[in-house]
file entry_18.txt (compact mmCIF, C-alpha atoms and all ligand atoms)
# COMPACT_ATOMS: atom_id res chain seq x y z
CA MET A 1 1.01 -1.52 -37.68
CA THR A 2 1.75 -1.45 -33.97
CA THR A 3 2.58 1.94 -32.51
CA VAL A 4 5.37 1.77 -29.99
CA PRO A 5 4.91 4.41 -27.28
CA SER A 6 7.82 6.76 -26.71
CA PRO A 7 9.59 6.52 -23.33
CA SER A 8 7.78 9.67 -22.14
CA GLN A 9 4.40 8.20 -23.16
CA GLN A 10 5.28 4.99 -21.30
CA THR A 11 6.13 6.96 -18.18
CA ALA A 12 2.87 8.88 -18.40
CA ALA A 13 0.89 5.64 -18.68
CA ASN A 14 2.77 4.05 -15.80
CA ASP A 15 2.29 7.13 -13.65
CA GLN A 16 -1.49 7.02 -13.96
CA PRO A 17 -2.83 6.18 -10.53
CA ARG A 18 -5.16 3.22 -10.24
CA LEU A 19 -7.58 5.45 -8.33
CA ARG A 20 -7.74 9.19 -8.83
CA ILE A 21 -10.17 11.23 -6.76
CA ARG A 22 -10.70 14.92 -7.32
CA GLY A 23 -12.96 17.44 -5.55
CA LEU A 24 -15.07 14.77 -3.84
CA LYS A 25 -17.75 16.33 -1.63
CA LYS A 26 -20.47 14.92 0.57
CA ALA A 27 -22.73 16.60 3.11
CA PHE A 28 -25.55 15.17 5.24
CA ASN A 29 -28.35 17.49 6.37
CA GLY A 30 -26.21 20.55 5.64
CA ARG A 31 -23.21 19.14 7.54
CA THR A 32 -20.23 18.84 5.22
CA ILE A 33 -18.16 15.73 5.88
CA LEU A 34 -16.06 15.47 2.70
CA ASN A 35 -15.14 18.90 1.40
CA GLY A 36 -13.10 18.37 -1.74
CA ILE A 37 -11.04 15.21 -1.41
CA ASP A 38 -8.07 14.96 -3.79
CA LEU A 39 -6.28 11.62 -3.59
CA ASP A 40 -4.14 9.46 -5.86
CA VAL A 41 -3.81 5.75 -5.12
CA PRO A 42 -0.86 4.33 -7.09
CA ALA A 43 -1.28 0.99 -8.85
CA GLY A 44 0.19 -2.12 -7.26
CA GLN A 45 1.11 -0.32 -4.05
CA SER A 46 -0.31 0.11 -0.58
CA THR A 47 -1.84 3.44 0.47
CA VAL A 48 -2.97 4.08 4.02
CA ILE A 49 -5.40 6.76 5.18
CA ILE A 50 -5.39 8.03 8.73
CA GLY A 51 -7.64 10.58 10.42
CA GLY A 52 -9.69 11.17 13.53
CA SER A 53 -12.97 9.44 14.29
CA GLY A 54 -15.87 10.88 12.35
CA ASN A 55 -13.68 12.62 9.77
CA GLY A 56 -15.24 10.65 6.93
CA LYS A 57 -12.71 7.93 6.14
CA SER A 58 -15.26 5.12 5.87
CA LEU A 59 -17.59 7.47 4.02
CA LEU A 60 -14.86 8.07 1.44
CA LEU A 61 -14.58 4.31 0.82
CA ARG A 62 -18.37 3.99 0.59
CA CYS A 63 -18.48 6.81 -1.98
CA ILE A 64 -15.84 5.04 -4.09
CA LEU A 65 -17.74 1.75 -3.80
CA GLY A 66 -20.90 3.43 -5.09
CA LEU A 67 -22.77 2.75 -1.83
CA ILE A 68 -23.21 6.50 -1.26
CA GLU A 69 -23.63 9.07 -4.01
CA PRO A 70 -21.24 12.01 -3.62
CA ASP A 71 -22.53 15.59 -4.08
CA ALA A 72 -19.61 16.57 -6.34
CA GLY A 73 -16.28 15.38 -7.65
CA THR A 74 -14.79 12.63 -9.77
CA ILE A 75 -13.64 9.10 -8.95
CA GLU A 76 -11.51 7.51 -11.66
CA ILE A 77 -10.34 3.93 -11.93
CA ASP A 78 -7.51 3.74 -14.47
CA GLY A 79 -8.60 7.12 -15.81
CA GLU A 80 -12.30 6.23 -16.19
CA ASN A 81 -14.76 8.29 -14.13
CA ILE A 82 -17.05 5.78 -12.44
CA ILE A 83 -19.62 8.41 -11.54
CA GLU A 84 -20.34 9.24 -15.18
CA ALA A 85 -19.99 5.69 -16.48
CA SER A 86 -23.05 3.78 -17.64
CA ARG A 87 -24.59 1.51 -15.02
CA SER A 88 -23.20 -1.68 -16.54
CA ARG A 89 -19.75 -0.15 -16.98
CA ARG A 90 -19.78 1.14 -13.41
CA GLU A 91 -20.74 -2.30 -12.11
CA ALA A 92 -17.88 -3.84 -14.10
CA LEU A 93 -15.40 -1.30 -12.69
CA LEU A 94 -16.65 -1.77 -9.13
CA ARG A 95 -16.33 -5.56 -9.43
CA ARG A 96 -12.60 -4.89 -9.51
CA ILE A 97 -12.77 -3.78 -5.86
CA GLY A 98 -12.81 -6.18 -2.90
CA MET A 99 -13.56 -4.84 0.57
CA LEU A 100 -12.79 -6.01 4.06
CA PHE A 101 -15.33 -4.12 6.14
CA GLN A 102 -14.84 -2.89 9.69
CA ASN A 103 -15.57 -5.84 12.06
CA ALA A 104 -15.36 -8.16 9.02
CA ALA A 105 -19.18 -7.79 8.53
CA LEU A 106 -19.79 -11.52 8.10
CA PHE A 107 -23.31 -12.93 8.04
CA ASP A 108 -23.76 -14.60 11.43
CA SER A 109 -26.49 -16.92 10.20
CA MET A 110 -24.28 -18.38 7.45
CA SER A 111 -21.32 -20.72 7.73
CA VAL A 112 -17.85 -19.49 6.83
CA LEU A 113 -18.12 -21.38 3.55
CA ASP A 114 -21.47 -19.78 2.68
CA ASN A 115 -20.10 -16.33 3.54
CA ILE A 116 -17.34 -16.81 0.98
CA LEU A 117 -19.69 -18.35 -1.59
CA PHE A 118 -21.83 -15.22 -1.13
CA GLY A 119 -18.75 -13.12 -2.00
CA LEU A 120 -18.14 -15.23 -5.11
CA ARG A 121 -21.75 -14.80 -6.24
CA ALA A 122 -21.67 -11.05 -5.57
CA LYS A 123 -18.67 -10.80 -7.92
CA GLY A 124 -20.32 -12.99 -10.56
CA SER A 125 -17.50 -15.45 -10.06
CA ASP A 126 -19.93 -18.37 -9.72
CA ARG A 127 -20.97 -18.20 -13.38
CA ASN A 128 -20.24 -21.28 -15.44
CA LYS A 129 -19.11 -23.16 -12.33
CA ASP A 130 -20.93 -26.01 -10.65
CA HIS A 131 -21.35 -26.03 -6.88
CA ALA A 132 -18.37 -28.31 -6.28
CA ALA A 133 -16.08 -25.98 -8.26
CA GLN A 134 -17.38 -22.97 -6.32
CA GLU A 135 -16.69 -24.76 -3.04
CA GLN A 136 -13.17 -25.57 -4.21
CA GLU A 137 -12.59 -21.91 -4.99
CA ALA A 138 -13.93 -20.87 -1.57
CA LEU A 139 -11.62 -23.36 0.15
CA HIS A 140 -8.71 -22.04 -1.91
CA LEU A 141 -9.51 -18.49 -0.71
CA LEU A 142 -9.53 -19.74 2.89
CA GLU A 143 -6.14 -21.35 2.28
CA LEU A 144 -4.80 -18.04 0.92
CA VAL A 145 -5.56 -16.40 4.28
CA GLY A 146 -4.06 -19.30 6.23
CA LEU A 147 -7.26 -21.11 7.25
CA GLY A 148 -7.84 -24.83 6.76
CA PRO A 149 -11.02 -26.53 5.47
CA HIS A 150 -12.09 -27.42 9.04
CA VAL A 151 -13.13 -23.75 9.45
CA ALA A 152 -15.55 -23.87 6.47
CA PRO A 153 -18.62 -25.35 8.27
CA LEU A 154 -18.25 -23.15 11.37
CA ASN A 155 -20.36 -20.08 12.05
CA PRO A 156 -18.53 -16.72 12.41
CA ALA A 157 -19.54 -16.56 16.10
CA GLU A 158 -17.40 -19.67 16.72
CA LEU A 159 -14.26 -17.86 15.48
CA SER A 160 -11.91 -15.42 17.20
CA GLY A 161 -11.84 -11.81 15.99
CA GLY A 162 -8.61 -12.47 14.11
CA MET A 163 -10.06 -15.51 12.33
CA GLN A 164 -13.17 -13.51 11.44
CA LYS A 165 -10.95 -10.87 9.84
CA ARG A 166 -9.21 -13.59 7.85
CA VAL A 167 -12.56 -14.92 6.63
CA GLY A 168 -13.56 -11.34 5.76
CA LEU A 169 -10.34 -11.03 3.78
CA ALA A 170 -11.01 -14.34 2.00
CA ARG A 171 -14.44 -13.02 1.02
CA ALA A 172 -12.88 -9.72 -0.12
CA LEU A 173 -10.54 -11.71 -2.38
CA ALA A 174 -13.46 -13.53 -4.06
CA GLY A 175 -13.55 -12.88 -7.78
CA GLN A 176 -9.87 -11.88 -7.85
CA PRO A 177 -10.32 -8.11 -7.44
CA ASP A 178 -7.21 -6.11 -8.28
CA ILE A 179 -8.12 -3.29 -5.86
CA LEU A 180 -8.59 -4.02 -2.16
CA PHE A 181 -10.07 -1.78 0.53
CA PHE A 182 -9.44 -2.48 4.20
CA ASP A 183 -11.43 -0.55 6.79
CA GLU A 184 -9.60 -0.69 10.13
CA PRO A 185 -8.36 -4.25 9.59
CA THR A 186 -6.46 -4.54 12.88
CA THR A 187 -8.88 -2.77 15.24
CA GLY A 188 -9.67 -4.97 18.23
CA LEU A 189 -6.89 -7.48 17.54
CA ASP A 190 -3.92 -8.28 19.75
CA PRO A 191 -0.49 -7.15 18.48
CA ILE A 192 0.47 -10.56 17.11
CA MET A 193 -2.82 -11.08 15.25
CA SER A 194 -2.49 -7.50 13.96
CA ALA A 195 0.91 -8.46 12.55
CA VAL A 196 -0.64 -11.55 10.93
CA ILE A 197 -3.39 -9.49 9.26
CA ASP A 198 -0.86 -6.85 8.17
CA GLY A 199 1.26 -9.64 6.69
CA LEU A 200 -1.72 -10.91 4.69
CA ILE A 201 -2.43 -7.40 3.41
CA SER A 202 1.20 -6.98 2.37
CA ASN A 203 1.07 -10.36 0.61
CA CYS A 204 -1.94 -9.20 -1.41
CA VAL A 205 0.16 -6.31 -2.72
CA THR A 206 3.52 -8.00 -3.16
CA GLN A 207 2.35 -11.47 -4.30
CA LEU A 208 -1.05 -10.89 -5.93
CA GLY A 209 -0.12 -7.46 -7.32
CA SER A 210 -3.19 -5.82 -5.76
CA THR A 211 -3.60 -2.12 -5.17
CA ALA A 212 -4.49 -1.63 -1.50
CA LEU A 213 -6.23 1.26 0.24
CA THR A 214 -6.39 0.87 4.00
CA ILE A 215 -7.96 2.98 6.73
CA THR A 216 -6.30 2.53 10.07
CA HIS A 217 -5.73 4.12 13.45
CA ASP A 218 -2.83 1.76 14.05
CA MET A 219 0.47 3.60 13.51
CA THR A 220 2.45 0.36 13.66
CA SER A 221 0.33 -0.93 10.78
CA VAL A 222 0.98 2.21 8.76
CA THR A 223 4.72 1.66 8.83
CA ARG A 224 4.31 -2.10 8.31
CA ILE A 225 1.97 -2.12 5.32
CA GLY A 226 2.05 1.39 3.87
CA ASP A 227 4.01 2.57 0.86
CA HIS A 228 2.10 5.85 0.90
CA ALA A 229 0.12 7.56 3.63
CA ALA A 230 -2.48 10.32 3.62
CA MET A 231 -4.29 12.16 6.37
CA LEU A 232 -7.94 13.16 6.16
CA TYR A 233 -8.83 16.16 8.30
CA GLY A 234 -11.51 18.83 8.02
CA GLY A 235 -13.01 17.17 4.96
CA LYS A 236 -9.78 17.23 2.93
CA ILE A 237 -6.59 15.27 2.46
CA ILE A 238 -4.25 17.67 4.24
CA TRP A 239 -1.06 15.65 3.78
CA GLN A 240 0.14 12.76 1.68
CA GLY A 241 3.59 11.31 1.26
CA PRO A 242 5.76 8.23 1.77
CA ALA A 243 4.48 6.19 4.75
CA GLU A 244 7.98 6.09 6.24
CA THR A 245 7.87 9.89 6.68
CA LEU A 246 4.44 9.98 8.35
CA MET A 247 5.72 10.07 11.92
CA ASN A 248 8.02 12.99 11.06
CA SER A 249 5.90 14.76 8.49
CA GLY A 250 6.64 18.28 9.68
CA ASN A 251 2.90 19.04 9.37
CA PRO A 252 1.65 20.20 12.81
CA ILE A 253 -1.77 18.53 12.40
CA VAL A 254 -0.30 15.22 11.24
CA ASP A 255 2.36 15.31 13.96
CA GLN A 256 -0.19 15.97 16.72
CA PHE A 257 -2.39 13.14 15.49
CA THR A 258 0.29 10.52 14.89
CA HIS A 259 1.97 11.18 18.23
CA GLY A 260 -1.34 11.42 20.11
CA ARG A 261 -0.59 14.82 21.62
CA LEU A 262 -3.33 16.80 23.37
CA GLU A 263 -1.67 20.12 22.51
CA GLY A 264 -1.68 21.33 18.93
CA PRO A 265 -3.92 22.61 16.16
CA ILE A 266 -6.48 19.77 16.45
CA PRO A 267 -9.11 20.90 18.96
CA THR A 268 -9.58 18.30 21.69
CA GLY A 269 -12.30 20.30 23.50
CA ASN A 270 -14.16 18.30 26.11
CA LEU A 271 -12.03 15.26 25.34
CA THR A 272 -9.14 16.84 27.25
CA ALA A 273 -9.06 15.52 30.80
CA THR A 274 -8.96 18.20 33.48
CA PRO A 275 -7.65 17.52 37.01
CA THR A 276 -11.23 17.19 38.28
CA ASP A 277 -11.93 14.53 35.64
CA LYS A 278 -9.21 12.32 37.08
CA ARG A 279 -11.04 11.31 40.25
N1 LIG A 301 -25.40 7.66 5.54
C1 LIG A 301 -25.10 8.63 6.40
N2 LIG A 301 -26.06 9.49 6.83
C2 LIG A 301 -25.78 10.50 7.69
N3 LIG A 301 -24.54 10.73 8.18
C3 LIG A 301 -23.56 9.90 7.81
C4 LIG A 301 -23.78 8.83 6.89
N4 LIG A 301 -22.59 8.19 6.69
C5 LIG A 301 -21.67 8.83 7.44
N5 LIG A 301 -22.25 9.85 8.10
C6 LIG A 301 -21.58 10.78 9.01
O1 LIG A 301 -20.34 11.12 8.44
C7 LIG A 301 -19.36 11.27 9.48
C8 LIG A 301 -18.14 10.47 9.11
O2 LIG A 301 -18.41 9.07 9.31
P1 LIG A 301 -17.33 7.96 8.98
O3 LIG A 301 -17.90 6.67 9.45
O4 LIG A 301 -16.92 8.04 7.58
O5 LIG A 301 -16.11 8.39 9.94
P2 LIG A 301 -14.70 7.73 10.12
O6 LIG A 301 -13.68 8.77 9.83
O7 LIG A 301 -14.61 6.46 9.34
O8 LIG A 301 -14.72 7.44 11.69
P3 LIG A 301 -14.13 6.21 12.56
O9 LIG A 301 -12.64 6.35 12.50
O10 LIG A 301 -14.65 6.47 13.94
O11 LIG A 301 -14.63 4.91 11.96
C9 LIG A 301 -20.02 10.84 10.79
O12 LIG A 301 -20.39 12.01 11.50
C10 LIG A 301 -21.25 10.09 10.34
O13 LIG A 301 -22.30 10.24 11.25

call {"tool": "encode", "arguments": {"input": "entry_18.txt", "output": "structure tokens"}}
result
Amino acid sequence: MTTVPSPSQQTAANDQPRLRIRGLKKAFNGRTILNGIDLDVPAGQSTVIIGGSGNGKSLLLRCILGLIEPDAGTIEIDGENIIEASRSRREALLRRIGMLFQNAALFDSMSVLDNILFGLRAKGSDRNKDHAAQEQEALHLLELVGLGPHVAPLNPAELSGGMQKRVGLARALAGQPDILFFDEPTTGLDPIMSAVIDGLISNCVTQLGSTALTITHDMTSVTRIGDHAAMLYGGKIIWQGPAETLMNSGNPIVDQFTHGRLEGPIPTGNLTATPTDKR
């Protein structure tokens, strides 16, 4: 007999975040960087994390990806704690995540095609497929990010920064991950290319149904791609809410950061220019 969940049970299931992080801590040599991160990343939506340089945003992503072992806390994907999962189960859960690294992180010595094939192999997506089928899949991924097959034999160094990011995104999409991480996807790009990359990220969420988690310093991007926003400061998520309210959060720390003000609760110390610095 099939049990039909009651409406309240359905709501509870639907409300479960795709990613749920609680009490995540990480210190290096006695220096605490993450000091109890609590964050929910809703399924099928786009969450953006902002925060000052060195606050641990990339570190948070690397902890989730299993590249760095946290000192404490839980990281759940669909309610399953990946830290306590068996190795094979953890690997299976982590295969659900695709990542566009800062600066795209392509292998310079490999062609664009080989970079994407590498992504397919890393996700185990090459199994049961001959080389021609793998190449077809790689070309399809390039097409998804708006690049034609003429780009496939080129080396990353022959591409502009924006094209490199697109290739990085194509590689992140290898193996059809349903969770995507983007680490500063628009840094170093001109405003139009930033809009193109933001559009591709939005498409991943709206058309592929992905859950996106993006780190950015680009406030225009936050409003363009974000459904939800969160700010990391002092080792914790100090604010989270709808992205459209980020610029008027009412939180003094968030407001100082998002408006780039020198005055406020965030110490600027030696970064503050004095009249003598302005020679
Ligand atoms: N493996 C590591 N070993 C030692 N320290 C580390 C390691 N990884 C990160 N850190 C330290 O953690 C801090 C946070 O680094 P992280 O790269 O996460 O910052 P971030 O918020 O992403 O900064 P940015 O916005 O400038 O990219 C830095 O001080 C960094 O030196």

call {"tool": "atom_distance", "arguments": {"input": "entry_18.txt", "atom1": "atom CA of Asp40 of chain A", "atom2": "atom CA of Thr214 of chain A"}}
result
13.3 Å

call {"tool": "closest_atom_pairs", "arguments": {"input": "entry_18.txt", "of": "chain A", "to": "ligand LIG 301 (chain A)", "cutoff": "7 Å", "atoms": "all atoms listed in the file", "output": "CSV"}}
result
residue,atom,partner,partner_atom,distance
A:Phe28,CA,A:LIG301,C2,5.3
A:Ile33,CA,A:LIG301,O1,5.7
A:Gly51,CA,A:LIG301,O6,6.3
A:Gly52,CA,A:LIG301,O9,5.7
A:Ser53,CA,A:LIG301,O10,3.4
A:Gly54,CA,A:LIG301,O5,3.5
A:Asn55,CA,A:LIG301,O6,3.9
A:Gly56,CA,A:LIG301,O4,3.2
A:Lys57,CA,A:LIG301,O6,3.9
A:Ser58,CA,A:LIG301,O4,3.8
A:Leu59,CA,A:LIG301,O4,3.7
A:Leu60,CA,A:LIG301,O4,6.5

call {"tool": "residues_around", "arguments": {"input": "entry_18.txt", "residues": "Val41 of chain A", "least_positions_apart": "6", "cutoff": "10 Å", "atoms": "only C-alpha atoms", "output": "VMD selection string"}}
result
chain A and resid 16 to 21 47 to 48 77 211 to 213 228 to 230

call {"tool": "atom_distance", "arguments": {"input": "entry_18.txt", "atom1": "atom CA of Ala170 of chain A", "atom2": "atom CA of Leu144 of chain A"}}
result
7.3 Å

call {"tool": "atom_distance", "arguments": {"input": "entry_18.txt", "atom1": "atom CA of Glu263 of chain A", "atom2": "atom CA of Ser221 of chain A"}}
result
24.2 Å

call {"tool": "closest_residue", "arguments": {"input": "entry_18.txt", "among": "A:Ala85, A:Leu67, A:Ile197, A:Leu159", "to": "Gly146 of chain A", "atoms": "all atoms listed in the file"}}
result
A:Ile197

call {"tool": "closest_residue", "arguments": {"input": "entry_18.txt", "among": "A:Gly98, A:Gly162, A:Pro191, A:Pro42", "to": "Asp227 of chain A", "atoms": "all atoms listed in the file"}}
result
A:Pro42

call {"tool": "closest_atom_pairs", "arguments": {"input": "entry_18.txt", "of": "segment 60-131 of chain A", "to": "segment 182-188 of chain A", "cutoff": "9 Å", "atoms": "only C-alpha atoms", "output": "JSON lines"}}
result
{"residue": "A:Leu61", "atom": "CA", "partner": "A:Asp183", "partner_atom": "CA", "distance": 8.3}
{"residue": "A:Gly98", "atom": "CA", "partner": "A:Phe182", "partner_atom": "CA", "distance": 8.7}
{"residue": "A:Met99", "atom": "CA", "partner": "A:Phe182", "partner_atom": "CA", "distance": 6.0}
{"residue": "A:Leu100", "atom": "CA", "partner": "A:Phe182", "partner_atom": "CA", "distance": 4.9}
{"residue": "A:Phe101", "atom": "CA", "partner": "A:Asp183", "partner_atom": "CA", "distance": 5.3}
{"residue": "A:Gln102", "atom": "CA", "partner": "A:Asp183", "partner_atom": "CA", "distance": 5.1}
{"residue": "A:Asn103", "atom": "CA", "partner": "A:Pro185", "partner_atom": "CA", "distance": 7.8}
{"residue": "A:Ala104", "atom": "CA", "partner": "A:Pro185", "partner_atom": "CA", "distance": 8.0}

call {"tool": "axis_aligned_box", "arguments": {"input": "entry_18.txt", "around": "segment 249-256 of chain A", "padding_each_side": "6 Å", "output": "AutoDock Vina command-line options"}}
result
--center_x 2.4 --center_y 17.5 --center_z 12.6 --size_x 20.4 --size_y 17.4 --size_z 20.2

call {"tool": "closest_residue", "arguments": {"input": "entry_18.txt", "among": "A:Ala157, A:Ile238, A:Leu141, A:Leu169", "to": "Asp38 of chain A", "atoms": "all atoms listed in the file"}}
result
A:Ile238

call {"tool": "residues_around", "arguments": {"input": "entry_18.txt", "residues": "segment 201-208 of chain A", "least_positions_apart": "6", "cutoff": "10 Å", "atoms": "only C-alpha atoms", "output": "number ranges by chain"}}
result
A: 43-46, 144-145, 169, 173, 176-182, 185, 195, 214, 224-226

call {"tool": "closest_residue", "arguments": {"input": "entry_18.txt", "among": "A:Asp198, A:Asp108, A:Glu84, A:Asp114", "to": "Ala138 of chain A", "atoms": "all atoms listed in the file"}}
result
A:Asp114

call {"tool": "residues_around", "arguments": {"input": "entry_18.txt", "residues": "Ile75 of chain A", "least_positions_apart": "6", "cutoff": "7 Å", "atoms": "all atoms listed in the file", "output": "VMD selection string"}}
result
chain A and resid 20 to 22 64 81 to 83

call {"tool": "closest_residue", "arguments": {"input": "entry_18.txt", "among": "A:Val254, A:Ile116, A:Leu262, A:Leu189", "to": "Ser160 of chain A", "atoms": "only C-alpha atoms"}}
result
A:Leu189

call {"tool": "residues_near_point", "arguments": {"input": "entry_18.txt", "point": "(-19.2, 18.4, 0.6)", "cutoff": "8 Å", "atoms": "all atoms listed in the file", "output": "list in words"}}
result
Leu24, Lys25, Lys26, Ala27, Thr32, Ile33, Leu34, Asn35, Gly36, Pro70, Asp71, Ala72 and Gly235 of chain A

call {"tool": "closest_residue", "arguments": {"input": "entry_18.txt", "among": "A:Gly250, A:Gly79, A:Glu135, A:Arg90", "to": "Asp15 of chain A", "atoms": "all atoms listed in the file"}}
result
A:Gly79

call {"tool": "residues_around", "arguments": {"input": "entry_18.txt", "residues": "Ser109 of chain A", "least_positions_apart": "6", "cutoff": "10 Å", "atoms": "all atoms listed in the file", "output": "list of chain:residue names"}}
result
A:Asn115, A:Asn155, A:Pro156, A:Ala157

call {"tool": "write_last_selection", "arguments": {"input": "entry_18.txt", "atoms": "C-alpha atoms", "output": "tab-separated table (two decimals), in the coordinates of the input"}}
result
chain	number	residue	atom	x	y	z
A	115	ASN	CA	-20.10	-16.33	3.54
A	155	ASN	CA	-20.36	-20.08	12.05
A	156	PRO	CA	-18.53	-16.72	12.41
A	157	ALA	CA	-19.54	-16.56	16.10

call {"tool": "build_atoms", "arguments": {"input": "entry_18.txt", "residues": "segment 20-38 of chain A", "atoms": "N, CA and C atoms", "output": "PDB file, keeping the file's coordinate frame"}}
result
ATOM      1  N   ARG A  20      -8.026   7.757  -8.858  1.00  0.00           N
ATOM      2  CA  ARG A  20      -7.740   9.190  -8.830  1.00  0.00           C
ATOM      3  C   ARG A  20      -9.036   9.895  -8.426  1.00  0.00           C
ATOM      4  N   ILE A  21      -8.976  10.571  -7.297  1.00  0.00           N
ATOM      5  CA  ILE A  21     -10.170  11.230  -6.760  1.00  0.00           C
ATOM      6  C   ILE A  21      -9.916  12.731  -6.752  1.00  0.00           C
ATOM      7  N   ARG A  22     -10.871  13.464  -7.283  1.00  0.00           N
ATOM      8  CA  ARG A  22     -10.700  14.920  -7.320  1.00  0.00           C
ATOM      9  C   ARG A  22     -12.003  15.611  -6.883  1.00  0.00           C
ATOM     10  N   GLY A  23     -11.846  16.561  -5.951  1.00  0.00           N
ATOM     11  CA  GLY A  23     -12.960  17.440  -5.550  1.00  0.00           C
ATOM     12  C   GLY A  23     -14.158  16.712  -4.979  1.00  0.00           C
ATOM     13  N   LEU A  24     -13.937  15.572  -4.322  1.00  0.00           N
ATOM     14  CA  LEU A  24     -15.070  14.770  -3.840  1.00  0.00           C
ATOM     15  C   LEU A  24     -15.710  15.441  -2.614  1.00  0.00           C
ATOM     16  N   LYS A  25     -17.021  15.657  -2.720  1.00  0.00           N
ATOM     17  CA  LYS A  25     -17.750  16.330  -1.630  1.00  0.00           C
ATOM     18  C   LYS A  25     -18.957  15.521  -1.221  1.00  0.00           C
ATOM     19  N   LYS A  26     -19.238  15.534   0.080  1.00  0.00           N
ATOM     20  CA  LYS A  26     -20.470  14.920   0.570  1.00  0.00           C
ATOM     21  C   LYS A  26     -20.894  15.600   1.869  1.00  0.00           C
ATOM     22  N   ALA A  27     -22.162  16.002   1.898  1.00  0.00           N
ATOM     23  CA  ALA A  27     -22.730  16.600   3.110  1.00  0.00           C
ATOM     24  C   ALA A  27     -23.988  15.811   3.482  1.00  0.00           C
ATOM     25  N   PHE A  28     -24.297  15.763   4.772  1.00  0.00           N
ATOM     26  CA  PHE A  28     -25.550  15.170   5.240  1.00  0.00           C
ATOM     27  C   PHE A  28     -26.298  16.235   6.040  1.00  0.00           C
ATOM     28  N   ASN A  29     -27.521  16.504   5.658  1.00  0.00           N
ATOM     29  CA  ASN A  29     -28.350  17.490   6.370  1.00  0.00           C
ATOM     30  C   ASN A  29     -27.599  18.813   6.593  1.00  0.00           C
ATOM     31  N   GLY A  30     -26.923  19.277   5.558  1.00  0.00           N
ATOM     32  CA  GLY A  30     -26.210  20.550   5.640  1.00  0.00           C
ATOM     33  C   GLY A  30     -24.871  20.468   6.345  1.00  0.00           C
ATOM     34  N   ARG A  31     -24.508  19.293   6.860  1.00  0.00           N
ATOM     35  CA  ARG A  31     -23.210  19.140   7.540  1.00  0.00           C
ATOM     36  C   ARG A  31     -22.216  18.526   6.559  1.00  0.00           C
ATOM     37  N   THR A  32     -21.221  19.326   6.190  1.00  0.00           N
ATOM     38  CA  THR A  32     -20.230  18.840   5.220  1.00  0.00           C
ATOM     39  C   THR A  32     -19.242  17.904   5.894  1.00  0.00           C
ATOM     40  N   ILE A  33     -19.127  16.699   5.330  1.00  0.00           N
ATOM     41  CA  ILE A  33     -18.160  15.730   5.880  1.00  0.00           C
ATOM     42  C   ILE A  33     -16.935  15.690   4.954  1.00  0.00           C
ATOM     43  N   LEU A  34     -17.169  15.460   3.668  1.00  0.00           N
ATOM     44  CA  LEU A  34     -16.060  15.470   2.700  1.00  0.00           C
ATOM     45  C   LEU A  34     -16.150  16.782   1.931  1.00  0.00           C
ATOM     46  N   ASN A  35     -15.051  17.531   1.919  1.00  0.00           N
ATOM     47  CA  ASN A  35     -15.140  18.900   1.400  1.00  0.00           C
ATOM     48  C   ASN A  35     -14.113  19.163   0.303  1.00  0.00           C
ATOM     49  N   GLY A  36     -14.040  18.193  -0.629  1.00  0.00           N
ATOM     50  CA  GLY A  36     -13.100  18.370  -1.740  1.00  0.00           C
ATOM     51  C   GLY A  36     -11.883  17.489  -1.567  1.00  0.00           C
ATOM     52  N   ILE A  37     -12.133  16.169  -1.593  1.00  0.00           N
ATOM     53  CA  ILE A  37     -11.040  15.210  -1.410  1.00  0.00           C
ATOM     54  C   ILE A  37     -10.269  15.055  -2.723  1.00  0.00           C
ATOM     55  N   ASP A  38      -8.957  15.247  -2.663  1.00  0.00           N
ATOM     56  CA  ASP A  38      -8.070  14.960  -3.790  1.00  0.00           C
ATOM     57  C   ASP A  38      -7.108  13.870  -3.331  1.00  0.00           C
TER      58      ASP A  38
END
